[in-house]
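Asker: Right, I'll just put the structure down here and ask away after.
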Amino acid sequence: MVGEANTHTVTPAAVPCMPAARSSDAVADIGRETLVGRELELRRADELLAAGQLGEGRLLIINGLGGGGKTALLRSVRRRAAALGYLTLSAYCDPLETDFPFGVVRQLLDRTVHDHAAVDLPLWQGPAAMARSVFDLRTAADLSTSVHEATIFASLHGLYWLVADLAANRPLLLAIDDVQWIDKPSLRWLRYLSKRLEGLPVVIVATHQGGDSVGELEQLGGVTIKIDGLDQAAVAELGRRTLGATGAPEFWASCHATTGGNAFLVHALLRDCLAKGTQPTSVSATHLGQFGLVEVQQFIREILSSSDPLAAGVTATLAVLGERVSVDLLAEVANLPQPEVVRLVTILTQQDILQTDAAGLVFFSRAIVRAAILAEVAQRSRTELHLRAARILHEADAPVERVAAHLLAAPASSTADTVDIMCQAAEVAMRRAAPESAARYWARALDEPLSQRRRNNILLSLGRAELSIDLPAAITRLTAALAGDLQPAKRGYAAIDLARAYCVVDDYDRAIAALRQARDQIRDIEPELAFRLEVEELYLSLLTNGASSTATRPRLRSLQLSEADGTRTENACAGLLAQREAALGVSRADTLAHARRALRCGIFPSTDESFVFNGALISMIVAGAPNEALSLCDAAVAEATRHGSRFSIAVGHTLRCEAYFRLGDIRRAQIEAQASLELRDALQIEHSLSHAMITLARFVDTLVEQDSVEQAWRIVDGANLWGDLPDHLFFTWMLMARGRLRHATGCIHEALADYLECGRRLLSAGFENTAYFPWRSHAARAHRELNEHDRARALAGEDLALARRWGTREAVGIALSVNGLLATEGRLELLTEAVDLLAASPSRLEHARATLELGSVTRATGDLQRARRQLRTAADLAVTCGSTRLLTAAEAELRAAGARPRSRAYSGIDSLTPSERRVAMLAARGHTNRNIAEQLFVGTRAVEIHLTNAYRKLHISRRGELVSVFDPQSGTTT
């Protein structure tokens with residue numbers, strides 16, 4: 001607030017008091033302390049406060065129409081909470097502040113944060129430090145001009161831990177009045193916090209002005225209390241207390257009918273009766289019908305006119321300002337001497353029109369009062385007051401967002417500085433992770449007269465802000481910016497932003513077209529950036545299988561790393577070449593060399609964001625180095641977690657899932673898949689889009705291996721992935737997973753169709769390498785089961801030749817195994833060679849599968865003793881991998897070989913859910929519950945529940961015993 005350092009605290013003792021017209025001390029106190037007819041609501045609030053004391057956080061929404069008594073009920077809850085030892089923090093939402101990012105958060109926490117800072121308490125240690133920028137009041141010149149979803153999420157996560165820290169020593173009540181006007185960043189925080197209240201001694205109570213629905217707040221869950229009008233008995237009781245008379249039943253009935261039980265209207269009516277000396281008789285009851293909302297406005301006008309001629313101007317000014325303001329600011333905007341405003345505020349406070357808080361800031365006692373007064377202010381006067389407020393705030397170096405909030409309500413071309421102020425406010429909002437507010441500011445700036453270049457630059461900034469809140473709008477803005485006059489460097493990076501936006505909605509043709517057009521426009525001026533755009537275009541073309549892919553294939557084949565030597569594009573170019581070599585399946589050494597060069601700065605390099613690095617990591621896995629890739633993934637996820645980048649974390653989990661699946665660790669692969677899908681759900685990335693397809697496919701694969709085919713079927717069905725799938729590289733993962741699912745359920749013809757379609761697409765896109773997907777081996781198995789042995793042998797032979805050319809043990813072992821099953825002679829030799837190769841490979845799952853097939857063929861030859869040894873090895877490997885499907889098959893073969901399978905464990909490590917295993921592994925590595933909660937973005941209570949379940953299933957009682965169950969470094973069982 002401007003002038004807060006010189007704020008005058010308004011109290012009757014500080015200024016001369018004048019008697020309020022048509023009022024008395026009793027009238028002024030009506031509704032402030034006495035609650036009638038709210039016993040049930042208070043009882044429910046008491047229950048939630050009691051739960052909060054026990055560490056069970058709760059959310060209570062008090063919903064009702066304006067003037068229904070919500071604020072009075074909220075005040076009563078605050079008093080009750082304070083009596084129970086709660087730290088109570090409160091905020092008031094204002095419609096004019098809906099564009100003031102994190103305004104409500106700062107109302108709630110600002111003073112407490114500053115108090116902690118004043119005594120040097122370690123409030124900003126740990127993850128709470130990520131919220132520090134929310135309370136940073138530096139000017140826009142010191143702030144960056146861009147923000148990502150990562151920054152937004154980091155701020156929300158930091159605020160969660162800030163609240164958790166404040167509630168560490170005593171329960172905390174967050175009271176928010178008129179939450180329907182909350183700013184969007186604060187609402188997003190409230191949604192984030194409300195989902196993580198379990199285990200926190202935090203109670204949130206919010207009032208909402210509305211009818212039967214609480215709108216967006218329904219997403220918050222919690223308990224909603226609907227505040228209806230007071231019933232006739234409550235109106236009568238309130239009337240008797242106020243007027244000091246029993247009164248006629250007809251009077252109270254008329255009072256109730258006239259007001260509908262609306263608490264504010266009842267109070268207004270009773271105040272008027274008390275002031276006029278009206279008695280509650282049956283005769284006076286006939287005159288109450290004149291009261292209503294219009295009469296409330298008249299009633300307020302009468303109070304103001306009888307109070308002081310200047311009172312109406314002060315209330316009109318405050319109504320337009322719409323926020324809790326200091327007396328000096330109110331005086332300056334109202335163009336009145338400050339002592340005079342102090343006097344008027346005192347009068348209006350006594351008349352229950354205004355109130356002051358502990359900081360001396362002035363506000364309306366009820367929203368309906370402000371609404372009634374604001375409705376009386378002519379539009380021209382509103383505009384003048386907004387402009388005056390903006391000028392005063394700007395001259396006083398107030399936070400630029402406060403200035404912008406008033407300019408939003410002013411017409412275009414009102415001031416010469418509007419564009420600069422709006423752009424500065426937008427930049428501040430972006431730094432504070434409030435893209436919604438930033439977008440409004442930049443959109444308002446576009447209403448002003450602008451040069452074409454500046455208009456395009458603002459369009460560009462607006463489009464980038466909307467990338468995280470409104471993707472279609474972002475695409476529209478970025479497209480418009482690129483159609484205009486932009487500096488070449490800005491044009492290049494804007495094209496990359498637009499292309500990525502198109503990729504998220506699976507419109508790769510437009511993404512490629514945007515990159516190509518920008519490259520052609522800047523080629524002669526910014527050749528290095530043009531080459532960077534070409535690399536991005538070539539990578540996207542590699543993912544798709546349309547006309548763009550066909551057109552760029554010759555250029556991709558001729559691309560050389562020397563073209564990028566010494567440029568910022570060198571790593572991205574190396575990543576693209578790694579994918580090219582992996583697709584061709586010729587030189588595994590070149591693939592690894594390119595991938596390592598591409599990833600020397602990690603998977604998510606801050607200086608060169610690109611999807612191509614994800615492809616480079618997958619190429620490294622395909623080239624037989626999944627453990628090396630896993631180490632890079634771990635580092636990337638840790639870094640992304642520190643920055644709170646949910647999308648990057650989700651991608652990191654996907655890549656780890658791929659690595660773990662190829663390593664044959666089904667449980668860990670499933671944990672990573674679930675973690676990635678949960679984050680993508682939070683980002684509202686549909687499971688049917690290409691960006692979620694690798695994750696979803698591997699999740700299906702893990703379920704098939706665990707014999708959870710019904711669940712896998714439901715997942716495919718839920719994402720509507722049974723029909724024709726888009727011709728995109730990522731969907732080949734789903735074709736293979738869907739084929740395996742169908743194969744496991746006996747739908748052999750359908751499975752074969754999926755395998756062959758996967759192969760057709762890969763070959764059409766230039767992916768000859770069988771190590772990407774051994775679709776030929778899978779198709780050969782399907783042909784074998786359909787007694788189509790010639791076709792099966794042809795595919796199996798082709799697969800083996802390609803695998804030997806590529807040279808990884810996994811690829812050769814898989815191909816040898818299926819060839820051994822199909823051979824008419826030398827079957828055992830081929831299968832033994834497959835097992836030996838796979839035993840030396842990192843792929844435990846394929847080792848288990850080949851060992852099972854060797855044992856089955858050995859049993860068929862009559863060598864039961866050797867078969868039993870092989871089958872027991874296969875069963876043990878299946879347990880280690882977490883493949884229930886292979887274990888079941890191995891047990892059946894063992895029975896057929898005359899052996900008794902070992903009993904399965906229904907407790908122990910195998911009984912843990914993925915979430916329990918993930919939490920237990922982190923605990924085994926020495927992480928505290930809080931550390932685990934920070935890493936997994938959950939509440940500490942969720943961690944406690946998972947650990948409790950894990951202890952029970954593992955038959956342990958102490959945290960230290962987890963080390964004996966898990967390898968602290970790898971997370972595998974000991």
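So you can find residues: chains in the structure tokens are A, B, ... in the order shown, residues in each start at 1, and ligands are numbered from 1 in order.
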Residues near range 127-134 of chain A, anyone? I mean within 7 Å using only C-alpha atoms, not counting same-chain ones fewer than 5 positions away, as a PyMOL selection string.
Answerer: chain A and resi 102+154-156+158-159+161-162+432
Asker: If we count only C-alpha atoms and set the cut-off at 12 Å, which residues sit around Cys758 in chain A, ignoring sequence neighbours fewer than 4 positions away in its own chain? Please answer as a PyMOL selection string.
Answerer: chain A and resi 724-740+751-754+762-765+767-768+770+772-776+778-779
Asker: For the selection you just gave me, I'd like the residues written to a file as a tab-separated table (two decimals), in the first residue's frame, keeping N, CA, C and O atoms.
Answerer:
```tsv
chain	number	residue	atom	x	y	z
A	724	ASP	N	-7.88	-47.39	-34.85
A	724	ASP	CA	-6.69	-46.94	-35.57
A	724	ASP	C	-6.00	-45.85	-34.75
A	724	ASP	O	-6.64	-44.93	-34.26
A	725	LEU	N	-4.68	-45.96	-34.65
A	725	LEU	CA	-3.91	-44.98	-33.88
A	725	LEU	C	-3.20	-44.02	-34.82
A	725	LEU	O	-2.86	-44.37	-35.95
A	726	PRO	N	-2.95	-42.79	-34.37
A	726	PRO	CA	-2.24	-41.82	-35.21
A	726	PRO	C	-0.88	-42.35	-35.65
A	726	PRO	O	-0.23	-43.11	-34.93
A	727	ASP	N	-0.46	-41.92	-36.83
A	727	ASP	CA	0.80	-42.39	-37.41
A	727	ASP	C	1.94	-41.54	-36.86
A	727	ASP	O	2.45	-40.63	-37.52
A	728	HIS	N	2.33	-41.83	-35.64
A	728	HIS	CA	3.34	-41.07	-34.91
A	728	HIS	C	4.23	-42.09	-34.21
A	728	HIS	O	3.76	-43.11	-33.72
A	729	LEU	N	5.53	-41.80	-34.13
A	729	LEU	CA	6.47	-42.76	-33.57
A	729	LEU	C	6.07	-43.22	-32.17
A	729	LEU	O	6.17	-44.40	-31.85
A	730	PHE	N	5.62	-42.29	-31.33
A	730	PHE	CA	5.29	-42.66	-29.95
A	730	PHE	C	4.14	-43.67	-29.88
A	730	PHE	O	4.05	-44.43	-28.92
A	731	PHE	N	3.28	-43.67	-30.88
A	731	PHE	CA	2.16	-44.61	-30.86
A	731	PHE	C	2.59	-46.04	-31.21
A	731	PHE	O	1.82	-46.98	-31.01
A	732	THR	N	3.82	-46.20	-31.72
A	732	THR	CA	4.30	-47.57	-31.95
A	732	THR	C	4.50	-48.28	-30.60
A	732	THR	O	4.36	-49.50	-30.52
A	733	TRP	N	4.83	-47.53	-29.56
A	733	TRP	CA	4.90	-48.13	-28.22
A	733	TRP	C	3.55	-48.72	-27.84
A	733	TRP	O	3.48	-49.82	-27.30
A	734	MET	N	2.48	-47.97	-28.13
A	734	MET	CA	1.14	-48.46	-27.77
A	734	MET	C	0.73	-49.64	-28.66
A	734	MET	O	0.07	-50.57	-28.19
A	735	LEU	N	1.10	-49.62	-29.94
A	735	LEU	CA	0.78	-50.76	-30.80
A	735	LEU	C	1.42	-52.04	-30.26
A	735	LEU	O	0.78	-53.10	-30.22
A	736	MET	N	2.67	-51.94	-29.83
A	736	MET	CA	3.33	-53.12	-29.25
A	736	MET	C	2.67	-53.53	-27.94
A	736	MET	O	2.43	-54.71	-27.69
A	737	ALA	N	2.39	-52.55	-27.09
A	737	ALA	CA	1.77	-52.87	-25.79
A	737	ALA	C	0.38	-53.46	-25.99
A	737	ALA	O	-0.01	-54.43	-25.32
A	738	ARG	N	-0.37	-52.89	-26.91
A	738	ARG	CA	-1.71	-53.41	-27.19
A	738	ARG	C	-1.63	-54.82	-27.76
A	738	ARG	O	-2.44	-55.71	-27.43
A	739	GLY	N	-0.62	-55.05	-28.63
A	739	GLY	CA	-0.44	-56.40	-29.17
A	739	GLY	C	-0.11	-57.40	-28.07
A	739	GLY	O	-0.66	-58.51	-28.04
A	740	ARG	N	0.78	-57.02	-27.15
A	740	ARG	CA	1.11	-57.93	-26.04
A	740	ARG	C	-0.12	-58.21	-25.17
A	740	ARG	O	-0.31	-59.34	-24.70
A	751	ALA	N	-3.60	-59.52	-32.05
A	751	ALA	CA	-2.23	-59.20	-31.61
A	751	ALA	C	-1.28	-59.17	-32.81
A	751	ALA	O	-0.45	-58.27	-32.94
A	752	LEU	N	-1.41	-60.15	-33.69
A	752	LEU	CA	-0.56	-60.21	-34.87
A	752	LEU	C	-0.75	-58.97	-35.73
A	752	LEU	O	0.22	-58.40	-36.25
A	753	ALA	N	-1.98	-58.52	-35.86
A	753	ALA	CA	-2.26	-57.32	-36.66
A	753	ALA	C	-1.55	-56.10	-36.06
A	753	ALA	O	-1.00	-55.26	-36.78
A	754	ASP	N	-1.54	-56.01	-34.71
A	754	ASP	CA	-0.86	-54.89	-34.06
A	754	ASP	C	0.64	-54.96	-34.28
A	754	ASP	O	1.29	-53.95	-34.59
A	762	LEU	N	7.17	-48.48	-38.54
A	762	LEU	CA	8.58	-48.27	-38.27
A	762	LEU	C	9.40	-48.29	-39.57
A	762	LEU	O	10.26	-47.44	-39.80
A	763	LEU	N	9.12	-49.27	-40.41
A	763	LEU	CA	9.86	-49.35	-41.67
A	763	LEU	C	9.56	-48.15	-42.56
A	763	LEU	O	10.46	-47.62	-43.22
A	764	SER	N	8.31	-47.74	-42.56
A	764	SER	CA	7.94	-46.59	-43.39
A	764	SER	C	8.66	-45.33	-42.93
A	764	SER	O	8.99	-44.45	-43.73
A	765	ALA	N	8.92	-45.24	-41.60
A	765	ALA	CA	9.59	-44.06	-41.05
A	765	ALA	C	11.11	-44.20	-41.08
A	765	ALA	O	11.82	-43.30	-40.63
A	767	PHE	N	12.86	-46.75	-39.57
A	767	PHE	CA	13.37	-47.42	-38.37
A	767	PHE	C	13.52	-48.92	-38.66
A	767	PHE	O	12.56	-49.69	-38.55
A	768	GLU	N	14.70	-49.31	-39.04
A	768	GLU	CA	14.96	-50.70	-39.37
A	768	GLU	C	15.46	-51.50	-38.16
A	768	GLU	O	15.47	-52.73	-38.18
A	770	THR	N	15.83	-53.57	-35.06
A	770	THR	CA	14.94	-54.43	-34.28
A	770	THR	C	15.04	-54.17	-32.79
A	770	THR	O	14.17	-54.57	-32.02
A	772	TYR	N	14.72	-51.36	-31.31
A	772	TYR	CA	13.66	-50.45	-30.87
A	772	TYR	C	12.47	-51.27	-30.39
A	772	TYR	O	12.01	-51.12	-29.26
A	773	PHE	N	11.96	-52.11	-31.26
A	773	PHE	CA	10.89	-53.04	-30.92
A	773	PHE	C	11.10	-54.33	-31.69
A	773	PHE	O	11.18	-54.31	-32.92
A	774	PRO	N	11.20	-55.46	-31.00
A	774	PRO	CA	11.34	-56.74	-31.71
A	774	PRO	C	10.00	-57.22	-32.25
A	774	PRO	O	9.52	-58.31	-31.94
A	775	TRP	N	9.40	-56.38	-33.09
A	775	TRP	CA	8.06	-56.70	-33.58
A	775	TRP	C	8.06	-57.97	-34.43
A	775	TRP	O	7.07	-58.72	-34.45
A	776	ARG	N	9.15	-58.23	-35.13
A	776	ARG	CA	9.21	-59.44	-35.96
A	776	ARG	C	9.16	-60.69	-35.07
A	776	ARG	O	8.46	-61.66	-35.40
A	778	HIS	N	7.87	-60.95	-32.06
A	778	HIS	CA	6.51	-61.08	-31.50
A	778	HIS	C	5.54	-61.60	-32.55
A	778	HIS	O	4.69	-62.46	-32.28
A	779	ALA	N	5.66	-61.06	-33.77
A	779	ALA	CA	4.78	-61.53	-34.84
A	779	ALA	C	5.07	-63.00	-35.16
A	779	ALA	O	4.14	-63.78	-35.45
```
Asker: From range 161-410 of chain A, collect each residue whose DSSP state is helix (DSSP H, G or I) and return the set as a PyMOL selection string.
Answerer: chain A and resi 161-166+179-181+184-194+215-220+232-243+249-259+263-276+284-290+293-307+311-321+327-334+338-350+367-375+379-395+400-407
Asker: Find the spatial neighbours of range 560-564 of chain A, counting only C-alpha atoms, within a cut-off of 9 Å - ignore same-chain residues fewer than 2 positions away - and output them as a PyMOL selection string.
Answerer: chain A and resi 528+531-532+556-558+566-574+577+594
Asker: For the selection you just gave me, I'd like the residues written to a file as a PDB file, in the first residue's frame, keeping N, CA and C atoms.
Answerer:
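File produced: selection.pdb:
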```
ATOM      1  N   GLU A 528      22.892 -19.304 -37.587  1.00  0.00           N
ATOM      2  CA  GLU A 528      23.034 -20.299 -36.528  1.00  0.00           C
ATOM      3  C   GLU A 528      21.681 -20.665 -35.934  1.00  0.00           C
ATOM      4  N   PHE A 531      19.746 -22.807 -38.302  1.00  0.00           N
ATOM      5  CA  PHE A 531      20.149 -24.208 -38.241  1.00  0.00           C
ATOM      6  C   PHE A 531      19.522 -24.896 -37.019  1.00  0.00           C
ATOM      7  N   ARG A 532      19.431 -24.139 -35.920  1.00  0.00           N
ATOM      8  CA  ARG A 532      18.776 -24.697 -34.715  1.00  0.00           C
ATOM      9  C   ARG A 532      17.316 -25.048 -35.011  1.00  0.00           C
ATOM     10  N   LEU A 556      18.068 -35.393 -43.516  1.00  0.00           N
ATOM     11  CA  LEU A 556      18.447 -36.085 -42.286  1.00  0.00           C
ATOM     12  C   LEU A 556      19.582 -37.070 -42.554  1.00  0.00           C
ATOM     13  N   ARG A 557      19.527 -37.744 -43.713  1.00  0.00           N
ATOM     14  CA  ARG A 557      20.590 -38.703 -44.041  1.00  0.00           C
ATOM     15  C   ARG A 557      21.922 -38.001 -44.275  1.00  0.00           C
ATOM     16  N   SER A 558      21.893 -36.781 -44.814  1.00  0.00           N
ATOM     17  CA  SER A 558      23.135 -36.073 -45.147  1.00  0.00           C
ATOM     18  C   SER A 558      23.668 -35.223 -43.998  1.00  0.00           C
ATOM     19  N   GLY A 566      31.075 -25.973 -32.670  1.00  0.00           N
ATOM     20  CA  GLY A 566      31.317 -24.636 -32.134  1.00  0.00           C
ATOM     21  C   GLY A 566      30.090 -23.759 -32.008  1.00  0.00           C
ATOM     22  N   THR A 567      28.902 -24.309 -32.234  1.00  0.00           N
ATOM     23  CA  THR A 567      27.674 -23.518 -32.138  1.00  0.00           C
ATOM     24  C   THR A 567      26.822 -24.027 -30.977  1.00  0.00           C
ATOM     25  N   ARG A 568      25.810 -23.233 -30.627  1.00  0.00           N
ATOM     26  CA  ARG A 568      24.897 -23.636 -29.552  1.00  0.00           C
ATOM     27  C   ARG A 568      24.026 -24.813 -29.966  1.00  0.00           C
ATOM     28  N   THR A 569      24.031 -25.154 -31.241  1.00  0.00           N
ATOM     29  CA  THR A 569      23.186 -26.237 -31.741  1.00  0.00           C
ATOM     30  C   THR A 569      23.907 -27.577 -31.714  1.00  0.00           C
ATOM     31  N   GLU A 570      25.172 -27.587 -31.282  1.00  0.00           N
ATOM     32  CA  GLU A 570      25.988 -28.794 -31.379  1.00  0.00           C
ATOM     33  C   GLU A 570      25.367 -29.968 -30.625  1.00  0.00           C
ATOM     34  N   ASN A 571      24.933 -29.749 -29.376  1.00  0.00           N
ATOM     35  CA  ASN A 571      24.383 -30.860 -28.598  1.00  0.00           C
ATOM     36  C   ASN A 571      23.077 -31.368 -29.194  1.00  0.00           C
ATOM     37  N   ALA A 572      22.205 -30.442 -29.605  1.00  0.00           N
ATOM     38  CA  ALA A 572      20.938 -30.859 -30.197  1.00  0.00           C
ATOM     39  C   ALA A 572      21.160 -31.631 -31.487  1.00  0.00           C
ATOM     40  N   CYS A 573      22.131 -31.186 -32.277  1.00  0.00           N
ATOM     41  CA  CYS A 573      22.442 -31.886 -33.532  1.00  0.00           C
ATOM     42  C   CYS A 573      22.957 -33.295 -33.231  1.00  0.00           C
ATOM     43  N   ALA A 574      23.805 -33.422 -32.211  1.00  0.00           N
ATOM     44  CA  ALA A 574      24.308 -34.745 -31.837  1.00  0.00           C
ATOM     45  C   ALA A 574      23.170 -35.648 -31.377  1.00  0.00           C
ATOM     46  N   LEU A 577      21.386 -36.914 -34.432  1.00  0.00           N
ATOM     47  CA  LEU A 577      22.172 -37.933 -35.123  1.00  0.00           C
ATOM     48  C   LEU A 577      22.153 -39.255 -34.359  1.00  0.00           C
ATOM     49  N   HIS A 594      27.265 -40.265 -30.261  1.00  0.00           N
ATOM     50  CA  HIS A 594      26.418 -39.085 -30.463  1.00  0.00           C
ATOM     51  C   HIS A 594      25.542 -38.822 -29.236  1.00  0.00           C
TER      52      HIS A 594
END
```
Asker: Report as a list in words all protein, DNA and RNA residues lying within 7 Å of range 518-527 of chain A, evaluated on only C-alpha atoms, omitting residues in the same chain fewer than 2 positions from it.
Answerer: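 After dropping sequence-adjacent residues, the list is Pro488, Arg491, Gly492, Ala495, Ala514, Leu515, Arg516, Leu529, Ala530, Phe531 and Leu533 of chain A.
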Asker: Got time to write the residues from that selection, all heavy atoms, as a JSON list (two decimals), in the first residue's frame?
Answerer:
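Contents of part38.json, freshly written:
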```json
[["chain", "number", "residue", "atom", "x", "y", "z"],
["A", 488, "PRO", "N", 14.76, -10.84, -35.77],
["A", 488, "PRO", "CA", 15.03, -12.23, -36.20],
["A", 488, "PRO", "C", 15.20, -13.21, -35.05],
["A", 488, "PRO", "O", 14.68, -14.33, -35.09],
["A", 488, "PRO", "CB", 16.33, -12.08, -37.02],
["A", 488, "PRO", "CG", 16.29, -10.68, -37.52],
["A", 488, "PRO", "CD", 15.64, -9.86, -36.45],
["A", 491, "ARG", "N", 11.93, -13.92, -33.50],
["A", 491, "ARG", "CA", 11.12, -14.72, -34.43],
["A", 491, "ARG", "C", 11.50, -16.19, -34.33],
["A", 491, "ARG", "O", 10.64, -17.07, -34.31],
["A", 491, "ARG", "CB", 11.31, -14.21, -35.86],
["A", 491, "ARG", "CG", 10.51, -14.99, -36.91],
["A", 491, "ARG", "CD", 10.62, -14.35, -38.27],
["A", 491, "ARG", "NE", 10.07, -13.01, -38.26],
["A", 491, "ARG", "CZ", 8.77, -12.73, -38.32],
["A", 491, "ARG", "NH1", 7.89, -13.73, -38.43],
["A", 491, "ARG", "NH2", 8.34, -11.48, -38.30],
["A", 492, "GLY", "N", 12.80, -16.47, -34.24],
["A", 492, "GLY", "CA", 13.23, -17.86, -34.17],
["A", 492, "GLY", "C", 12.73, -18.55, -32.92],
["A", 492, "GLY", "O", 12.17, -19.65, -32.99],
["A", 495, "ALA", "N", 9.00, -19.11, -32.89],
["A", 495, "ALA", "CA", 8.61, -20.26, -33.71],
["A", 495, "ALA", "C", 8.79, -21.57, -32.94],
["A", 495, "ALA", "O", 7.97, -22.48, -33.04],
["A", 495, "ALA", "CB", 9.43, -20.28, -35.00],
["A", 514, "ALA", "N", 5.55, -24.05, -38.95],
["A", 514, "ALA", "CA", 5.97, -22.84, -38.24],
["A", 514, "ALA", "C", 7.49, -22.74, -38.17],
["A", 514, "ALA", "O", 8.08, -21.67, -38.39],
["A", 514, "ALA", "CB", 5.37, -22.82, -36.83],
["A", 515, "LEU", "N", 8.15, -23.86, -37.88],
["A", 515, "LEU", "CA", 9.61, -23.86, -37.82],
["A", 515, "LEU", "C", 10.21, -23.57, -39.20],
["A", 515, "LEU", "O", 11.17, -22.79, -39.33],
["A", 515, "LEU", "CB", 10.10, -25.21, -37.31],
["A", 515, "LEU", "CG", 9.79, -25.55, -35.85],
["A", 515, "LEU", "CD1", 10.06, -27.02, -35.57],
["A", 515, "LEU", "CD2", 10.63, -24.68, -34.91],
["A", 516, "ARG", "N", 9.64, -24.18, -40.20],
["A", 516, "ARG", "CA", 10.18, -24.03, -41.55],
["A", 516, "ARG", "C", 10.03, -22.59, -42.05],
["A", 516, "ARG", "O", 10.97, -22.02, -42.63],
["A", 516, "ARG", "CB", 9.47, -25.00, -42.48],
["A", 516, "ARG", "CG", 10.04, -25.08, -43.89],
["A", 516, "ARG", "CD", 9.36, -26.20, -44.65],
["A", 516, "ARG", "NE", 9.61, -27.50, -44.02],
["A", 516, "ARG", "CZ", 8.91, -28.60, -44.30],
["A", 516, "ARG", "NH1", 7.93, -28.57, -45.17],
["A", 516, "ARG", "NH2", 9.22, -29.74, -43.70],
["A", 529, "LEU", "N", 20.85, -19.65, -35.68],
["A", 529, "LEU", "CA", 19.51, -19.91, -35.15],
["A", 529, "LEU", "C", 18.67, -20.64, -36.19],
["A", 529, "LEU", "O", 17.85, -21.51, -35.85],
["A", 529, "LEU", "CB", 18.85, -18.61, -34.73],
["A", 529, "LEU", "CG", 17.45, -18.71, -34.12],
["A", 529, "LEU", "CD1", 17.44, -19.65, -32.92],
["A", 529, "LEU", "CD2", 16.93, -17.33, -33.70],
["A", 530, "ALA", "N", 18.86, -20.32, -37.47],
["A", 530, "ALA", "CA", 18.12, -21.01, -38.52],
["A", 530, "ALA", "C", 18.47, -22.50, -38.52],
["A", 530, "ALA", "O", 17.60, -23.37, -38.72],
["A", 530, "ALA", "CB", 18.44, -20.39, -39.88],
["A", 531, "PHE", "N", 19.75, -22.81, -38.30],
["A", 531, "PHE", "CA", 20.15, -24.21, -38.24],
["A", 531, "PHE", "C", 19.52, -24.90, -37.02],
["A", 531, "PHE", "O", 19.13, -26.05, -37.09],
["A", 531, "PHE", "CB", 21.68, -24.30, -38.19],
["A", 531, "PHE", "CG", 22.19, -25.71, -38.17],
["A", 531, "PHE", "CD1", 21.78, -26.63, -39.12],
["A", 531, "PHE", "CD2", 23.10, -26.12, -37.20],
["A", 531, "PHE", "CE1", 22.26, -27.94, -39.10],
["A", 531, "PHE", "CE2", 23.59, -27.42, -37.17],
["A", 531, "PHE", "CZ", 23.16, -28.33, -38.13],
["A", 533, "LEU", "N", 16.65, -24.19, -35.76],
["A", 533, "LEU", "CA", 15.26, -24.47, -36.14],
["A", 533, "LEU", "C", 15.18, -25.68, -37.06],
["A", 533, "LEU", "O", 14.23, -26.48, -36.98],
["A", 533, "LEU", "CB", 14.64, -23.25, -36.84],
["A", 533, "LEU", "CG", 14.47, -21.98, -35.98],
["A", 533, "LEU", "CD1", 13.91, -20.85, -36.83],
["A", 533, "LEU", "CD2", 13.54, -22.24, -34.81]]
```
Asker: Could you state the separation of CA of Asp328 in chain A and CA of Leu344 in chain A in Å, given to one decimal place?
Answerer: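 Computing the Euclidean distance for CA of Asp328 in chain A and CA of Leu344 in chain A yields 12.8 Å.
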Asker: Restricting the calculation to only C-alpha atoms, which member of A:Cys633, A:Leu655, A:Ala412, A:Ala473 is positioned closest to Leu599 in chain A?
Answerer: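 Comparing A:Cys633, A:Leu655, A:Ala412, A:Ala473 against Leu599 in chain A, the winner is A:Cys633.
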Asker: Let me make sure I understand: among A:Asp183, A:Phe264, A:Tyr192, A:Ala409, which one has the smallest atom-to-atom distance to Ala72 in chain A if we use only C-alpha atoms?
Answerer: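 Nearest to Ala72 in chain A: A:Phe264.
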Asker: Excluding Arg382 in chain A and its own-chain neighbours fewer than 5 positions away, which residues fall within 9 Å of it when counting only C-alpha atoms? Please give them as a list of chain:residue names.
Answerer: A:Ala316, A:Thr317, A:Val320, A:Leu374, A:Val377, A:Leu387, A:Ala409, A:Ala410
Asker: Within 7 Å of range 790-797 of chain A, counting only C-alpha atoms, which residues show up once you throw out same-chain ones fewer than 3 positions away? Write them as an NGL selection string, please.
Answerer: :A and (776-777 or 780-781 or 783-784 or 800-801 or 815 or 818-819 or 822)
